[in-house]
Amino acid sequence: MEKYMFRSLSGNKGLIKQAIPLGENQRGDPFSWHFTKTGRYTVKSGYHIARLDVNQPFMARGSGPDITLLASVWRVRCPPKIQHFMLQVLSDCISISANLGRRGIACDLGCVRCGTEEETINHATFVCPPARQVWALAHVPVGPLSFPTDSVYANVDHFLGQQNPGAHVVAFPWLMWYIWKSRNARVFEDIVEKPEDIVRVAEGEATGWQQAQVEDDVDISHPIPVGLSGLAGTTSLPPVFSGYRCFIDGSWKAGDQFAGAGWCCTSLQVVSPLMGARNFLRSLSPLHAEAEAFLWAMRCMICHDFRDVDFYTNCSDLVKMVSSPSDWPAFTTYLEDIKIDREEFSSFSLSLISRNANVSANSLARQARTSPHHVLFINNFSSHWLV
Ligand SMILES: [Zn+2]
């Protein structure tokens, strides 16, 4: 555990321990910007942070989006355009009357639909009576103390995470999206859409999208290698290959003590695959867990003297950061270790596969994460681990 340093961040519920990777190699302290996913500064994020209460940037409810809340949005299974919309909602970057008014743009600050004095994004998406009706029709229990609240962060968080009360509402990203579109139709085109129609369209779109994902996954009988050159590759994996294929995954959940890592390594020469699973103190985000899992899997391959290895992940950001390390300064520690460890391989690649093609590594990582104790197994599993 000497590679971990602990630090505390203050939060609503006291101190939160986070594991910060220090890496294996001596180097100077680099700068990175922790208000974007990559760690690169952008003017847009800088402007946004400058407008927040910078003394309390990590408060989960009420005062600003918590870093794990933002990270969770990227894990929501919905189209990227809706993920992006949800991030804009949480970042208060939507062109709504209250925001336009703050920027000095002369406009009516009130809500066109209900006449309330100031229309915020939380009001339009959750609180305004037509929006409330949509949530109620979508079987989200609505009550003065539970949902919706005055905090847009709490309202989005209501649906994120398996333990949260709205977790069963898988269509919630589409509901948010179509509530917003219907608000725009009312404001800009004076079209009034019925709440029941919004629910029907949102749930229909959600179901259609989810079915398309399953069909896509089934279509990919072989994973798609993209190498380290980008995500454009479309060639199927050849059934005959030399060396080793190592499928990797990380598992991370806000509030858990541990994050998990799993890998499953096959070759044409062996009958049963070699597998590894371990947990480690939960780091900052799901993407940190993916990078830690990859690094650990690389080192396990080196220890087994497997030097001709194609790695596979279903995390596209991991492929992107390994392809273009300079674009991801928040992950410099990992990426430098990965760069050094790569030298140990005679042949090395990291490719993207579908989640359905990565079930073994995913299961190992998840079970390691949920273990109440430290676990470190390599090819030593009781059968229930392999379900
Ligand atoms: Zn309203």
# chains A, B, ... in the order shown; residues from 1 in each chain; ligands from 1
>>> residues_around(residues="segment 248-262 of chain A", least_positions_apart="3", cutoff="8 Å", atoms="only C-alpha atoms", output="PyMOL selection string")
chain A and resi 68+161+275-283+285-286+289-294+296-297+311-315+358+361-370
>>> write_last_selection(atoms="N, CA and C atoms", output="JSON list (two decimals), in the first residue's frame")
[["chain", "number", "residue", "atom", "x", "y", "z"],
["A", 68, "THR", "N", -18.11, 13.13, -8.24],
["A", 68, "THR", "CA", -18.59, 11.78, -8.54],
["A", 68, "THR", "C", -19.94, 11.83, -9.23],
["A", 161, "GLY", "N", -27.08, 5.67, -9.49],
["A", 161, "GLY", "CA", -26.67, 4.74, -8.43],
["A", 161, "GLY", "C", -27.78, 3.77, -8.11],
["A", 275, "MET", "N", -6.94, -15.99, -15.00],
["A", 275, "MET", "CA", -7.75, -14.84, -14.58],
["A", 275, "MET", "C", -7.16, -14.16, -13.34],
["A", 276, "GLY", "N", -7.46, -12.89, -13.22],
["A", 276, "GLY", "CA", -7.00, -12.15, -12.05],
["A", 276, "GLY", "C", -8.09, -11.21, -11.55],
["A", 277, "ALA", "N", -8.15, -11.04, -10.26],
["A", 277, "ALA", "CA", -9.08, -10.06, -9.68],
["A", 277, "ALA", "C", -8.46, -9.50, -8.41],
["A", 278, "ARG", "N", -8.63, -8.21, -8.22],
["A", 278, "ARG", "CA", -8.16, -7.62, -6.97],
["A", 278, "ARG", "C", -8.98, -6.36, -6.71],
["A", 279, "ASN", "N", -8.93, -5.90, -5.48],
["A", 279, "ASN", "CA", -9.52, -4.61, -5.21],
["A", 279, "ASN", "C", -8.45, -3.69, -4.62],
["A", 280, "PHE", "N", -8.76, -2.42, -4.66],
["A", 280, "PHE", "CA", -7.85, -1.42, -4.11],
["A", 280, "PHE", "C", -8.71, -0.27, -3.63],
["A", 281, "LEU", "N", -8.17, 0.56, -2.78],
["A", 281, "LEU", "CA", -8.98, 1.64, -2.23],
["A", 281, "LEU", "C", -9.53, 2.50, -3.35],
["A", 282, "ARG", "N", -10.78, 2.83, -3.25],
["A", 282, "ARG", "CA", -11.47, 3.54, -4.33],
["A", 282, "ARG", "C", -10.76, 4.85, -4.65],
["A", 283, "SER", "N", -10.44, 5.03, -5.91],
["A", 283, "SER", "CA", -9.79, 6.27, -6.32],
["A", 283, "SER", "C", -10.84, 7.26, -6.81],
["A", 285, "SER", "N", -12.36, 8.32, -9.68],
["A", 285, "SER", "CA", -13.44, 8.21, -10.66],
["A", 285, "SER", "C", -13.41, 6.83, -11.30],
["A", 286, "PRO", "N", -14.48, 6.47, -12.04],
["A", 286, "PRO", "CA", -14.48, 5.19, -12.75],
["A", 286, "PRO", "C", -13.30, 5.07, -13.70],
["A", 289, "ALA", "N", -10.22, 3.96, -12.02],
["A", 289, "ALA", "CA", -10.26, 2.52, -11.76],
["A", 289, "ALA", "C", -9.90, 1.73, -13.02],
["A", 290, "GLU", "N", -10.35, 2.21, -14.18],
["A", 290, "GLU", "CA", -10.02, 1.52, -15.44],
["A", 290, "GLU", "C", -8.51, 1.57, -15.67],
["A", 291, "ALA", "N", -7.91, 2.73, -15.42],
["A", 291, "ALA", "CA", -6.47, 2.87, -15.64],
["A", 291, "ALA", "C", -5.69, 1.99, -14.66],
["A", 292, "GLU", "N", -6.17, 1.92, -13.41],
["A", 292, "GLU", "CA", -5.49, 1.09, -12.42],
["A", 292, "GLU", "C", -5.60, -0.39, -12.79],
["A", 293, "ALA", "N", -6.79, -0.77, -13.28],
["A", 293, "ALA", "CA", -6.99, -2.17, -13.68],
["A", 293, "ALA", "C", -6.05, -2.53, -14.83],
["A", 294, "PHE", "N", -5.92, -1.61, -15.78],
["A", 294, "PHE", "CA", -5.06, -1.88, -16.94],
["A", 294, "PHE", "C", -3.61, -2.03, -16.50],
["A", 296, "TRP", "N", -2.44, -2.84, -13.60],
["A", 296, "TRP", "CA", -2.24, -4.08, -12.84],
["A", 296, "TRP", "C", -2.20, -5.29, -13.78],
["A", 297, "ALA", "N", -3.11, -5.32, -14.77],
["A", 297, "ALA", "CA", -3.13, -6.44, -15.72],
["A", 297, "ALA", "C", -1.81, -6.51, -16.50],
["A", 311, "PHE", "N", -4.38, -6.33, -25.44],
["A", 311, "PHE", "CA", -5.32, -6.04, -24.35],
["A", 311, "PHE", "C", -6.64, -5.54, -24.94],
["A", 312, "TYR", "N", -7.73, -5.88, -24.27],
["A", 312, "TYR", "CA", -9.06, -5.44, -24.72],
["A", 312, "TYR", "C", -9.83, -4.83, -23.56],
["A", 313, "THR", "N", -10.46, -3.71, -23.82],
["A", 313, "THR", "CA", -11.27, -3.03, -22.81],
["A", 313, "THR", "C", -12.57, -2.56, -23.44],
["A", 314, "ASN", "N", -13.60, -2.39, -22.63],
["A", 314, "ASN", "CA", -14.82, -1.77, -23.18],
["A", 314, "ASN", "C", -14.91, -0.30, -22.77],
["A", 315, "CYS", "N", -13.79, 0.25, -22.29],
["A", 315, "CYS", "CA", -13.77, 1.66, -21.88],
["A", 315, "CYS", "C", -13.07, 2.47, -22.98],
["A", 358, "ASN", "N", -16.98, -8.47, -22.94],
["A", 358, "ASN", "CA", -16.01, -8.33, -21.85],
["A", 358, "ASN", "C", -16.60, -8.79, -20.52],
["A", 361, "ALA", "N", -14.13, -10.32, -17.50],
["A", 361, "ALA", "CA", -13.33, -9.32, -16.77],
["A", 361, "ALA", "C", -14.25, -8.41, -15.96],
["A", 362, "ASN", "N", -15.39, -8.09, -16.54],
["A", 362, "ASN", "CA", -16.34, -7.23, -15.84],
["A", 362, "ASN", "C", -16.83, -7.89, -14.55],
["A", 363, "SER", "N", -17.16, -9.16, -14.64],
["A", 363, "SER", "CA", -17.65, -9.88, -13.46],
["A", 363, "SER", "C", -16.57, -9.98, -12.37],
["A", 364, "LEU", "N", -15.35, -10.26, -12.79],
["A", 364, "LEU", "CA", -14.25, -10.36, -11.82],
["A", 364, "LEU", "C", -14.03, -9.02, -11.11],
["A", 365, "ALA", "N", -14.03, -7.94, -11.90],
["A", 365, "ALA", "CA", -13.79, -6.62, -11.32],
["A", 365, "ALA", "C", -14.91, -6.24, -10.35],
["A", 366, "ARG", "N", -16.15, -6.53, -10.76],
["A", 366, "ARG", "CA", -17.29, -6.14, -9.92],
["A", 366, "ARG", "C", -17.27, -6.91, -8.61],
["A", 367, "GLN", "N", -16.97, -8.21, -8.68],
["A", 367, "GLN", "CA", -16.98, -9.00, -7.45],
["A", 367, "GLN", "C", -15.82, -8.62, -6.53],
["A", 368, "ALA", "N", -14.70, -8.26, -7.12],
["A", 368, "ALA", "CA", -13.59, -7.79, -6.29],
["A", 368, "ALA", "C", -13.97, -6.47, -5.61],
["A", 369, "ARG", "N", -14.67, -5.61, -6.34],
["A", 369, "ARG", "CA", -15.07, -4.32, -5.78],
["A", 369, "ARG", "C", -16.02, -4.50, -4.60],
["A", 370, "THR", "N", -16.94, -5.44, -4.72],
["A", 370, "THR", "CA", -17.97, -5.58, -3.68],
["A", 370, "THR", "C", -17.52, -6.46, -2.52]]
>>> residues_near_ligand(ligand="ligand 1", cutoff="9 Å", atoms="only C-alpha atoms and all ligand atoms", output="MDAnalysis selection string")
chainID A and resid 110:120 123:124 127:131
>>> closest_residue(among="A:Val76, A:Ala50, A:Val89, A:Leu295", to="Glu336 of chain A", atoms="only C-alpha atoms")
A:Leu295
>>> residues_around(residues="Leu70 of chain A", least_positions_apart="4", cutoff="10 Å", atoms="only C-alpha atoms", output="compact mmCIF listing (two decimals) with N, CA and C atoms, in the first residue's frame")
# COMPACT_ATOMS: atom_id res chain seq x y z
N PHE A 35 -11.33 19.91 -13.32
CA PHE A 35 -12.72 20.24 -13.61
C PHE A 35 -13.11 19.84 -15.03
N THR A 36 -12.19 19.15 -15.73
CA THR A 36 -12.57 18.46 -16.96
C THR A 36 -12.18 17.01 -16.77
N LYS A 37 -12.76 16.15 -17.59
CA LYS A 37 -12.50 14.72 -17.43
C LYS A 37 -11.05 14.39 -17.73
N PRO A 65 -22.10 20.73 -8.41
CA PRO A 65 -22.05 19.32 -8.79
C PRO A 65 -20.85 18.65 -8.17
N ASP A 66 -21.06 17.54 -7.52
CA ASP A 66 -20.00 16.77 -6.91
C ASP A 66 -19.26 16.04 -8.03
N TRP A 74 -21.46 10.07 -16.95
CA TRP A 74 -20.83 9.37 -18.09
C TRP A 74 -21.12 7.89 -18.06
N ARG A 75 -21.54 7.37 -16.91
CA ARG A 75 -21.85 5.93 -16.81
C ARG A 75 -23.30 5.63 -17.14
N GLN A 83 -26.26 12.44 -22.50
CA GLN A 83 -25.27 12.57 -21.42
C GLN A 83 -24.74 14.01 -21.39
N MET A 86 -27.23 16.29 -19.88
CA MET A 86 -27.30 16.16 -18.42
C MET A 86 -26.13 16.89 -17.75
N LEU A 87 -24.95 16.81 -18.38
CA LEU A 87 -23.81 17.54 -17.83
C LEU A 87 -24.03 19.04 -17.90
N LEU A 90 -26.24 19.94 -15.07
CA LEU A 90 -25.54 19.97 -13.78
C LEU A 90 -24.54 21.12 -13.71
N SER A 91 -24.04 21.53 -14.85
CA SER A 91 -23.08 22.63 -14.86
C SER A 91 -23.77 23.98 -15.01
N TYR A 153 -28.94 19.15 -8.43
CA TYR A 153 -27.98 18.07 -8.21
C TYR A 153 -28.66 16.90 -7.50
N ASP A 157 -29.28 13.24 -9.01
CA ASP A 157 -28.72 12.16 -8.20
C ASP A 157 -29.80 11.14 -7.78
N SER A 285 -12.36 8.32 -9.68
CA SER A 285 -13.44 8.21 -10.66
C SER A 285 -13.41 6.83 -11.30
>>> residues_around(residues="Phe345 of chain A", least_positions_apart="3", cutoff="9 Å", atoms="only C-alpha atoms", output="PyMOL selection string")
chain A and resi 302+306-309+341-342+348
>>> residues_around(residues="segment 316-332 of chain A", least_positions_apart="2", cutoff="8 Å", atoms="only C-alpha atoms", output="JSON, numbers by chain")
{"A": [30, 31, 32, 33, 34, 37, 38, 39, 40, 228, 229, 230, 231, 287, 288, 290, 291, 313, 314, 334, 335, 336, 350, 351, 352]}
>>> atom_distance(atom1="atom CA of Gln133 of chain A", atom2="atom CA of Asp92 of chain A")
23.0 Å
>>> atom_distance(atom1="atom CA of Ala138 of chain A", atom2="atom CA of Ile94 of chain A")
24.0 Å
>>> select_by_dssp(residues="segment 81-121 of chain A", states="alpha helix (DSSP H)", output="NGL selection string")
:A and (81-90 or 97-102 or 121)
>>> atom_distance(atom1="atom CA of Val187 of chain A", atom2="atom CA of Asn122 of chain A")
16.3 Å
>>> closest_residue(among="A:Lys181, A:Asp310, A:Leu274, A:Pro141", to="Phe241 of chain A", atoms="only C-alpha atoms")
A:Asp310
